[in-house]
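Colleague: Next up, final-v3.txt (compact mmCIF, C-alpha atoms and all ligand atoms).
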# COMPACT_ATOMS: atom_id res chain seq x y z
CA MET A 1 103.43 126.92 95.18
CA THR A 2 100.91 129.57 94.09
CA ARG A 3 102.55 132.57 92.50
CA ILE A 4 100.99 136.04 92.55
CA ALA A 5 101.79 138.92 90.22
CA ILE A 6 100.89 142.40 91.46
CA PHE A 7 100.17 145.33 89.15
CA ALA A 8 100.41 148.81 90.68
CA SER A 9 100.81 152.35 89.36
CA GLY A 10 101.59 154.30 92.51
CA SER A 11 102.72 154.16 96.09
CA GLY A 12 102.14 150.46 96.56
CA SER A 13 101.02 150.31 100.18
CA ASN A 14 98.59 147.52 99.25
CA ALA A 15 101.30 145.69 97.33
CA GLU A 16 103.61 145.86 100.34
CA ASN A 17 100.89 144.57 102.68
CA ILE A 18 100.32 141.61 100.36
CA ILE A 19 104.07 140.91 100.11
CA LEU A 20 104.38 140.96 103.91
CA HIS A 21 101.28 138.81 104.40
CA PHE A 22 102.63 136.02 102.20
CA ARG A 23 106.28 136.21 103.29
CA GLU A 24 105.73 133.60 106.01
CA ASN A 25 103.33 131.52 103.91
CA LYS A 26 105.28 128.70 102.34
CA GLY A 27 102.60 127.87 99.76
CA VAL A 28 102.20 131.33 98.23
CA GLU A 29 104.65 133.90 96.98
CA VAL A 30 104.58 137.26 95.27
CA ALA A 31 106.67 136.45 92.22
CA LEU A 32 106.56 139.70 90.28
CA VAL A 33 105.56 143.34 90.71
CA LEU A 34 104.64 145.16 87.51
CA SER A 35 104.07 148.84 86.89
CA ASN A 36 103.31 151.16 84.01
CA LYS A 37 105.23 153.94 85.82
CA SER A 38 108.99 153.72 86.01
CA ASP A 39 109.06 156.08 89.02
CA ALA A 40 106.26 154.40 91.00
CA PHE A 41 107.21 153.93 94.63
CA VAL A 42 105.81 150.40 94.49
CA LEU A 43 108.97 149.39 92.59
CA GLU A 44 111.17 150.47 95.50
CA ARG A 45 108.95 148.60 97.91
CA ALA A 46 109.26 145.41 95.82
CA GLU A 47 113.03 145.76 95.54
CA LYS A 48 113.27 146.08 99.32
CA TYR A 49 111.97 142.48 99.52
CA SER A 50 114.04 141.32 96.51
CA ILE A 51 110.92 140.76 94.41
CA PRO A 52 111.52 141.05 90.66
CA THR A 53 109.88 144.01 88.93
CA LEU A 54 108.84 144.83 85.40
CA VAL A 55 108.01 148.22 83.92
CA PHE A 56 105.97 148.41 80.72
CA THR A 57 104.27 151.11 78.69
CA HIS A 58 100.56 151.40 77.99
CA ASP A 59 101.29 150.52 74.38
CA GLU A 60 103.25 147.41 75.40
CA LEU A 61 100.35 146.30 77.57
CA LYS A 62 97.86 146.71 74.73
CA ASN A 63 99.90 145.67 71.71
CA SER A 64 102.66 143.29 72.71
CA SER A 65 103.15 140.05 74.58
CA LYS A 66 105.73 141.56 76.97
CA VAL A 67 103.43 141.52 80.00
CA VAL A 68 101.80 138.14 79.43
CA ASP A 69 105.19 136.57 78.62
CA ALA A 70 106.51 137.85 81.96
CA LEU A 71 103.48 136.48 83.81
CA LYS A 72 103.96 133.08 82.21
CA GLU A 73 107.69 133.10 82.85
CA CYS A 74 107.17 133.63 86.58
CA ASN A 75 104.32 131.07 86.63
CA ALA A 76 101.80 133.51 88.06
CA SER A 77 98.39 131.97 88.52
CA ILE A 78 96.77 135.00 90.14
CA VAL A 79 97.01 138.64 89.11
CA VAL A 80 96.30 141.28 91.73
CA LEU A 81 95.60 144.89 90.78
CA ALA A 82 96.63 147.06 93.72
CA GLY A 83 96.15 150.65 92.64
CA PHE A 84 96.68 149.89 88.96
CA LEU A 85 95.20 152.61 86.80
CA LEU A 86 95.17 151.20 83.26
CA LYS A 87 92.45 149.05 81.78
CA ILE A 88 93.36 145.37 81.54
CA PRO A 89 93.16 144.28 77.90
CA GLU A 90 90.75 141.54 76.91
CA TYR A 91 93.48 139.09 75.86
CA MET A 92 94.78 139.13 79.44
CA ILE A 93 91.33 138.59 80.88
CA ARG A 94 90.96 135.58 78.59
CA SER A 95 94.38 134.25 79.67
CA TYR A 96 93.46 134.58 83.37
CA PRO A 97 89.76 133.74 83.66
CA ASN A 98 88.49 134.53 87.17
CA ALA A 99 92.06 135.01 88.31
CA ILE A 100 92.48 138.80 88.10
CA VAL A 101 91.42 140.60 91.26
CA ASN A 102 91.11 144.35 91.81
CA ILE A 103 90.59 146.52 94.86
CA HIS A 104 88.46 149.62 94.49
CA PRO A 105 88.34 152.30 97.20
CA ALA A 106 84.54 152.66 97.34
CA LEU A 107 81.37 150.63 97.56
CA LEU A 108 80.79 149.54 93.96
CA PRO A 109 78.68 149.85 91.89
CA LYS A 110 78.77 153.44 93.15
CA TYR A 111 81.84 155.55 92.36
CA GLY A 112 83.33 153.19 89.80
CA GLY A 113 84.19 153.57 86.13
CA LYS A 114 86.75 155.42 84.06
CA GLY A 115 88.55 158.19 85.94
CA MET A 116 87.32 156.93 89.30
CA TYR A 117 90.49 156.13 91.18
CA GLY A 118 92.30 157.21 94.32
CA MET A 119 91.43 160.70 95.57
CA ASN A 120 88.93 161.29 92.74
CA VAL A 121 86.76 158.65 94.37
CA HIS A 122 87.05 160.08 97.89
CA ARG A 123 86.33 163.64 96.65
CA ALA A 124 83.19 162.48 94.85
CA VAL A 125 82.02 160.54 97.92
CA VAL A 126 82.45 163.61 100.17
CA GLU A 127 80.86 166.00 97.62
CA ASN A 128 77.80 163.74 97.49
CA LYS A 129 77.59 163.80 101.30
CA GLU A 130 77.71 160.01 101.56
CA ARG A 131 77.60 158.72 105.14
CA LYS A 132 79.38 155.47 104.23
CA SER A 133 82.24 154.42 102.02
CA GLY A 134 84.51 151.41 101.99
CA ILE A 135 86.29 148.93 99.78
CA THR A 136 85.25 146.52 97.08
CA ILE A 137 87.39 143.55 96.06
CA HIS A 138 86.20 142.08 92.78
CA TYR A 139 87.17 139.97 89.80
CA VAL A 140 88.17 141.92 86.72
CA ASN A 141 86.19 141.68 83.52
CA GLU A 142 86.35 143.74 80.33
CA TYR A 143 84.49 146.70 81.89
CA TYR A 144 85.88 149.14 84.46
CA ASP A 145 85.03 148.10 88.03
CA ALA A 146 82.19 145.82 86.90
CA GLY A 147 83.38 142.24 87.57
CA ALA A 148 81.80 139.97 90.17
CA ILE A 149 82.17 141.28 93.70
CA ILE A 150 84.10 139.04 96.10
CA PHE A 151 84.02 141.17 99.24
CA GLN A 152 83.02 144.59 100.56
CA ALA A 153 83.72 146.33 103.87
CA THR A 154 82.32 149.68 104.95
CA CYS A 155 83.38 152.62 107.08
CA ASP A 156 81.31 155.52 108.42
CA ILE A 157 81.91 159.03 107.18
CA ASP A 158 81.39 161.88 109.62
CA VAL A 159 79.82 165.13 108.37
CA ASP A 160 83.07 167.04 108.58
CA ASP A 161 85.37 164.34 107.14
CA SER A 162 87.61 165.60 104.33
CA PRO A 163 88.46 163.40 101.32
CA GLU A 164 91.85 162.81 102.99
CA VAL A 165 90.17 161.51 106.15
CA VAL A 166 87.95 159.20 104.08
CA GLN A 167 91.04 157.99 102.22
CA LYS A 168 92.70 157.11 105.53
CA LYS A 169 89.65 155.16 106.71
CA VAL A 170 89.52 153.29 103.41
CA GLN A 171 93.25 152.53 103.50
CA GLU A 172 92.79 151.00 106.95
CA LEU A 173 90.13 148.66 105.54
CA GLU A 174 92.39 147.79 102.62
CA ALA A 175 95.25 146.85 104.94
CA ILE A 176 93.01 144.66 107.11
CA HIS A 177 91.15 142.81 104.37
CA PHE A 178 92.92 142.70 101.01
CA PRO A 179 95.70 140.18 101.79
CA LYS A 180 93.26 137.90 103.65
CA ILE A 181 90.72 137.95 100.83
CA ILE A 182 93.44 137.08 98.31
CA GLU A 183 94.47 134.18 100.53
CA SER A 184 90.85 133.02 100.78
CA ILE A 185 90.37 132.85 97.01
CA ILE A 186 93.65 131.02 96.28
C1 LIG B 201 94.14 152.21 96.78
O1 LIG B 201 93.34 152.98 97.63
C2 LIG B 201 93.28 151.43 95.81
O2 LIG B 201 92.05 151.04 96.36
C3 LIG B 201 93.07 152.46 94.72
O3 LIG B 201 94.32 153.09 94.58
C4 LIG B 201 94.95 153.13 95.86
C5 LIG B 201 96.38 152.66 95.69
O4 LIG B 201 97.12 152.86 96.87
N1 LIG B 201 92.64 151.84 93.50
C6 LIG B 201 91.86 152.45 92.63
O5 LIG B 201 91.45 153.59 92.78
C7 LIG B 201 91.48 151.61 91.40
N2 LIG B 201 90.39 152.20 90.70
P1 LIG B 201 98.51 152.13 97.08
O6 LIG B 201 99.35 152.38 95.83
O7 LIG B 201 99.12 152.80 98.27
O8 LIG B 201 98.24 150.67 97.29
Could you rewrite the structure in this file as structure tokens?
Modeller:
Amino acid sequence: MTRIAIFASGSGSNAENIILHFRENKGVEVALVLSNKSDAFVLERAEKYSIPTLVFTHDELKNSSKVVDALKECNASIVVLAGFLLKIPEYMIRSYPNAIVNIHPALLPKYGGKGMYGMNVHRAVVENKERKSGITIHYVNEYYDAGAIIFQATCDIDVDDSPEVVQKKVQELEAIHFPKIIESII
């Protein structure tokens, strides 16, 4: 049995898609959902499927073994970042070499780095009059959005698309591809 731990800071639509994707798969399970926000909607989504959750602070992530202990306790072999907005500390990257995967809502290496998340990304893409955006699924290393790319998918942007419209197009790509790409790398 391969066990996945999902980190998320917000709504958790990607987390829920991954949970649903693996519900019927006997060899893989989402064992734990972790968040740095105690009011993140992702926690409600996890509880709906009876998946254990853990909330931690930024300080606990950086300076304690709370998070890694929980990952070990649930036997997670893959960590998925699904809208997780804190930097993963180096000790965790060393504990999970090539086993931490992130989704970014743009075509890296463009529109990545500190502060580039969620709507900030889509606003920047529209302001720069890009005609394409998309998703990047990549391994996590010690730099923001800079690990090896596993997969990208693109969508067209029309001249009058708002950041909200681009977000919707990107979310559609996330729903189609993210769970399947996780399955393919397991
Ligand atoms: C997703 O669009 C994901 O790509 C993005 O946050 C959103 C989370 O949505 N991640 C980043 O911006 C990371 N830099 P969700 O909570 O509904 O899954």
Colleague: Please tell me which residues are no farther than 12 Å from (93.0, 140.7, 76.9) in the file, counting all atoms listed in the file, and write them as a list in words.
Modeller: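 Protein and nucleic acid residues near the point are Leu61, Lys62, Asn63, Ser64, Ser65, Val67, Val68, Lys87, Ile88, Pro89, Glu90, Tyr91, Met92, Ile93, Arg94, Ser95, Tyr96, Pro97, Ile100, Val140, Asn141, Glu142 and Tyr143 of chain A.
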Colleague: Dump the neighbourhood of ligand LIG 201 (chain B) as a PyMOL selection string: all residues within 9 Å, distances computed on only C-alpha atoms and all ligand atoms.
Modeller: chain A and resi 8-17+40-42+81-86+102-106+112-121+135-137+144-145+167-168+170-171+174
Colleague: Take the residues from that selection and put them in a file with C-alpha atoms, as a short mmCIF file (atom, residue, chain, number, x, y, z; two decimals), in the coordinates of the input.
Modeller:
data_model
loop_
_atom_site.label_atom_id
_atom_site.label_comp_id
_atom_site.auth_asym_id
_atom_site.auth_seq_id
_atom_site.Cartn_x
_atom_site.Cartn_y
_atom_site.Cartn_z
CA ALA A 8 100.41 148.81 90.68
CA SER A 9 100.81 152.35 89.36
CA GLY A 10 101.59 154.30 92.51
CA SER A 11 102.72 154.16 96.09
CA GLY A 12 102.14 150.46 96.56
CA SER A 13 101.02 150.31 100.18
CA ASN A 14 98.59 147.52 99.25
CA ALA A 15 101.30 145.69 97.33
CA GLU A 16 103.61 145.86 100.34
CA ASN A 17 100.89 144.57 102.68
CA ALA A 40 106.26 154.40 91.00
CA PHE A 41 107.21 153.93 94.63
CA VAL A 42 105.81 150.40 94.49
CA LEU A 81 95.60 144.89 90.78
CA ALA A 82 96.63 147.06 93.72
CA GLY A 83 96.15 150.65 92.64
CA PHE A 84 96.68 149.89 88.96
CA LEU A 85 95.20 152.61 86.80
CA LEU A 86 95.17 151.20 83.26
CA ASN A 102 91.11 144.35 91.81
CA ILE A 103 90.59 146.52 94.86
CA HIS A 104 88.46 149.62 94.49
CA PRO A 105 88.34 152.30 97.20
CA ALA A 106 84.54 152.66 97.34
CA GLY A 112 83.33 153.19 89.80
CA GLY A 113 84.19 153.57 86.13
CA LYS A 114 86.75 155.42 84.06
CA GLY A 115 88.55 158.19 85.94
CA MET A 116 87.32 156.93 89.30
CA TYR A 117 90.49 156.13 91.18
CA GLY A 118 92.30 157.21 94.32
CA MET A 119 91.43 160.70 95.57
CA ASN A 120 88.93 161.29 92.74
CA VAL A 121 86.76 158.65 94.37
CA ILE A 135 86.29 148.93 99.78
CA THR A 136 85.25 146.52 97.08
CA ILE A 137 87.39 143.55 96.06
CA TYR A 144 85.88 149.14 84.46
CA ASP A 145 85.03 148.10 88.03
CA GLN A 167 91.04 157.99 102.22
CA LYS A 168 92.70 157.11 105.53
CA VAL A 170 89.52 153.29 103.41
CA GLN A 171 93.25 152.53 103.50
CA GLU A 174 92.39 147.79 102.62
#
Colleague: With all atoms listed in the file as the basis for distance, which of A:Ser77, A:Lys72, A:Gly147, A:Arg45 is at the shortest distance from A:Val28?
Modeller: A:Ser77
Colleague: Which residues are close to A:Val125, i.e. within 8 Å by all atoms listed in the file, leaving aside same-chain residues fewer than 5 positions away? Reply as a list in words.
Modeller: Tyr111, Glu130, Ser133 and Pro163 of chain A
Colleague: What gap, in Å, lies between atom CA of A:Lys48 and atom CA of A:Ala175?
Modeller: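 Going from atom CA of A:Lys48 over to atom CA of A:Ala175, I get 18.9 Å.
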Colleague: So, with all atoms listed in the file as the atoms that count, which of A:Ala5, A:Ile19, A:Ile149, A:Cys74 lies closest to A:Val33?
Modeller: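 Going through A:Ala5, A:Ile19, A:Ile149, A:Cys74 one by one, the smallest distance to A:Val33 is for A:Ala5.
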Colleague: Work out how far atom CA of A:Lys110 is from atom CA of A:Phe7, in Å to one decimal.
Modeller: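 Interatomic distance, atom CA of A:Phe7 to atom CA of A:Lys110: 23.2 Å.
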Colleague: Which of these, A:His138, A:Lys66, A:Arg131, A:Lys26, has the shortest distance to A:Leu108 once you count only C-alpha atoms?
Modeller: A:His138
Colleague: Please work out which residues fall within 6 Å of (100.2, 151.0, 82.9), coordinates as given in the file, with all atoms listed in the file counting, and return them as a list of chain:residue names.
Modeller: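 Every residue inside that radius is included here: A:Ser35, A:Asn36, A:Thr57, A:His58, A:Leu86.
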Colleague: Record the distance separating atom CA of A:Thr154 and atom CA of A:His122, expressed in Å with one decimal.
Modeller: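 Computing the Euclidean distance for atom CA of A:Thr154 and atom CA of A:His122 yields 13.4 Å.
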Colleague: Restricting the calculation to all atoms listed in the file: of A:Ile78, A:Ala146, A:Leu43, A:Ala153, which residue gets closest to A:Ile176?
Modeller: A:Ala153
Colleague: Might you pull out every residue within 7 Å of A:Ile157, with all atoms listed in the file counted and same-chain residues fewer than 2 positions away left off, and present them as a short mmCIF file (atom, residue, chain, number, x, y, z; two decimals) with C-alpha atoms, in the coordinates of the input?
Modeller:
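The file below, result_32.cif, is the result:
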data_model
loop_
_atom_site.label_atom_id
_atom_site.label_comp_id
_atom_site.auth_asym_id
_atom_site.auth_seq_id
_atom_site.Cartn_x
_atom_site.Cartn_y
_atom_site.Cartn_z
CA ARG A 131 77.60 158.72 105.14
CA LYS A 132 79.38 155.47 104.23
CA SER A 133 82.24 154.42 102.02
CA CYS A 155 83.38 152.62 107.08
CA VAL A 159 79.82 165.13 108.37
CA ASP A 161 85.37 164.34 107.14
CA VAL A 166 87.95 159.20 104.08
#
Colleague: Go through A:Glu127, A:Glu44, A:Glu183, A:Asp156 and flag the residue nearest A:Asn25, using all atoms listed in the file for the distances.
Modeller: A:Glu183
Colleague: Can you give me N, CA and C atoms for stretch 138-168 of chain A, written as a PDB file, keeping the file's coordinate frame?
Modeller:
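Heads up, here's the output in selection_32.pdb:
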ATOM      1  N   HIS A 138      87.021 142.734  93.815  1.00  0.00           N
ATOM      2  CA  HIS A 138      86.200 142.080  92.780  1.00  0.00           C
ATOM      3  C   HIS A 138      87.083 141.473  91.688  1.00  0.00           C
ATOM      4  N   TYR A 139      86.496 140.506  90.983  1.00  0.00           N
ATOM      5  CA  TYR A 139      87.170 139.970  89.800  1.00  0.00           C
ATOM      6  C   TYR A 139      87.114 141.023  88.699  1.00  0.00           C
ATOM      7  N   VAL A 140      88.085 140.937  87.799  1.00  0.00           N
ATOM      8  CA  VAL A 140      88.170 141.920  86.720  1.00  0.00           C
ATOM      9  C   VAL A 140      87.575 141.318  85.454  1.00  0.00           C
ATOM     10  N   ASN A 141      86.661 142.072  84.847  1.00  0.00           N
ATOM     11  CA  ASN A 141      86.190 141.680  83.520  1.00  0.00           C
ATOM     12  C   ASN A 141      86.519 142.804  82.530  1.00  0.00           C
ATOM     13  N   GLU A 142      85.913 142.783  81.360  1.00  0.00           N
ATOM     14  CA  GLU A 142      86.350 143.740  80.330  1.00  0.00           C
ATOM     15  C   GLU A 142      85.815 145.155  80.570  1.00  0.00           C
ATOM     16  N   TYR A 143      85.000 145.359  81.602  1.00  0.00           N
ATOM     17  CA  TYR A 143      84.490 146.700  81.890  1.00  0.00           C
ATOM     18  C   TYR A 143      85.111 147.217  83.189  1.00  0.00           C
ATOM     19  N   TYR A 144      85.307 148.543  83.262  1.00  0.00           N
ATOM     20  CA  TYR A 144      85.880 149.140  84.460  1.00  0.00           C
ATOM     21  C   TYR A 144      85.036 148.827  85.704  1.00  0.00           C
ATOM     22  N   ASP A 145      85.637 148.247  86.700  1.00  0.00           N
ATOM     23  CA  ASP A 145      85.030 148.100  88.030  1.00  0.00           C
ATOM     24  C   ASP A 145      83.688 147.359  88.012  1.00  0.00           C
ATOM     25  N   ALA A 146      83.513 146.442  87.064  1.00  0.00           N
ATOM     26  CA  ALA A 146      82.190 145.820  86.900  1.00  0.00           C
ATOM     27  C   ALA A 146      82.201 144.307  87.086  1.00  0.00           C
ATOM     28  N   GLY A 147      83.337 143.700  87.398  1.00  0.00           N
ATOM     29  CA  GLY A 147      83.380 142.240  87.570  1.00  0.00           C
ATOM     30  C   GLY A 147      82.706 141.808  88.872  1.00  0.00           C
ATOM     31  N   ALA A 148      82.518 140.507  89.001  1.00  0.00           N
ATOM     32  CA  ALA A 148      81.800 139.970  90.170  1.00  0.00           C
ATOM     33  C   ALA A 148      82.478 140.379  91.476  1.00  0.00           C
ATOM     34  N   ILE A 149      81.648 140.813  92.407  1.00  0.00           N
ATOM     35  CA  ILE A 149      82.170 141.280  93.700  1.00  0.00           C
ATOM     36  C   ILE A 149      82.478 140.081  94.599  1.00  0.00           C
ATOM     37  N   ILE A 150      83.668 140.111  95.193  1.00  0.00           N
ATOM     38  CA  ILE A 150      84.100 139.040  96.100  1.00  0.00           C
ATOM     39  C   ILE A 150      83.829 139.452  97.544  1.00  0.00           C
ATOM     40  N   PHE A 151      84.068 140.735  97.829  1.00  0.00           N
ATOM     41  CA  PHE A 151      84.020 141.170  99.240  1.00  0.00           C
ATOM     42  C   PHE A 151      83.855 142.678  99.299  1.00  0.00           C
ATOM     43  N   GLN A 152      83.080 143.149 100.274  1.00  0.00           N
ATOM     44  CA  GLN A 152      83.020 144.590 100.560  1.00  0.00           C
ATOM     45  C   GLN A 152      83.121 144.811 102.064  1.00  0.00           C
ATOM     46  N   ALA A 153      83.713 145.922 102.459  1.00  0.00           N
ATOM     47  CA  ALA A 153      83.720 146.330 103.870  1.00  0.00           C
ATOM     48  C   ALA A 153      83.431 147.823 103.890  1.00  0.00           C
ATOM     49  N   THR A 154      82.736 148.270 104.925  1.00  0.00           N
ATOM     50  CA  THR A 154      82.320 149.680 104.950  1.00  0.00           C
ATOM     51  C   THR A 154      82.938 150.428 106.126  1.00  0.00           C
ATOM     52  N   CYS A 155      83.003 151.747 105.972  1.00  0.00           N
ATOM     53  CA  CYS A 155      83.380 152.620 107.080  1.00  0.00           C
ATOM     54  C   CYS A 155      82.387 153.788 107.102  1.00  0.00           C
ATOM     55  N   ASP A 156      82.201 154.354 108.294  1.00  0.00           N
ATOM     56  CA  ASP A 156      81.310 155.520 108.420  1.00  0.00           C
ATOM     57  C   ASP A 156      82.066 156.782 108.043  1.00  0.00           C
ATOM     58  N   ILE A 157      81.323 157.721 107.482  1.00  0.00           N
ATOM     59  CA  ILE A 157      81.910 159.030 107.180  1.00  0.00           C
ATOM     60  C   ILE A 157      81.200 160.063 108.044  1.00  0.00           C
ATOM     61  N   ASP A 158      81.979 160.826 108.800  1.00  0.00           N
ATOM     62  CA  ASP A 158      81.390 161.880 109.620  1.00  0.00           C
ATOM     63  C   ASP A 158      81.145 163.112 108.760  1.00  0.00           C
ATOM     64  N   VAL A 159      80.212 163.979 109.211  1.00  0.00           N
ATOM     65  CA  VAL A 159      79.820 165.130 108.370  1.00  0.00           C
ATOM     66  C   VAL A 159      80.994 166.021 107.994  1.00  0.00           C
ATOM     67  N   ASP A 160      81.969 166.135 108.897  1.00  0.00           N
ATOM     68  CA  ASP A 160      83.070 167.040 108.580  1.00  0.00           C
ATOM     69  C   ASP A 160      84.326 166.309 108.062  1.00  0.00           C
ATOM     70  N   ASP A 161      84.203 165.057 107.682  1.00  0.00           N
ATOM     71  CA  ASP A 161      85.370 164.340 107.140  1.00  0.00           C
ATOM     72  C   ASP A 161      85.785 164.917 105.789  1.00  0.00           C
ATOM     73  N   SER A 162      87.068 165.157 105.623  1.00  0.00           N
ATOM     74  CA  SER A 162      87.610 165.600 104.330  1.00  0.00           C
ATOM     75  C   SER A 162      87.868 164.355 103.473  1.00  0.00           C
ATOM     76  N   PRO A 163      88.093 164.556 102.165  1.00  0.00           N
ATOM     77  CA  PRO A 163      88.460 163.400 101.320  1.00  0.00           C
ATOM     78  C   PRO A 163      89.705 162.687 101.866  1.00  0.00           C
ATOM     79  N   GLU A 164      90.624 163.440 102.456  1.00  0.00           N
ATOM     80  CA  GLU A 164      91.850 162.810 102.990  1.00  0.00           C
ATOM     81  C   GLU A 164      91.527 161.897 104.173  1.00  0.00           C
ATOM     82  N   VAL A 165      90.564 162.342 105.005  1.00  0.00           N
ATOM     83  CA  VAL A 165      90.170 161.510 106.150  1.00  0.00           C
ATOM     84  C   VAL A 165      89.478 160.235 105.654  1.00  0.00           C
ATOM     85  N   VAL A 166      88.626 160.388 104.645  1.00  0.00           N
ATOM     86  CA  VAL A 166      87.950 159.200 104.080  1.00  0.00           C
ATOM     87  C   VAL A 166      89.004 158.257 103.484  1.00  0.00           C
ATOM     88  N   GLN A 167      89.976 158.830 102.801  1.00  0.00           N
ATOM     89  CA  GLN A 167      91.040 157.990 102.220  1.00  0.00           C
ATOM     90  C   GLN A 167      91.733 157.169 103.310  1.00  0.00           C
ATOM     91  N   LYS A 168      92.017 157.814 104.450  1.00  0.00           N
ATOM     92  CA  LYS A 168      92.700 157.110 105.530  1.00  0.00           C
ATOM     93  C   LYS A 168      91.843 155.952 106.059  1.00  0.00           C
TER      94      LYS A 168
END
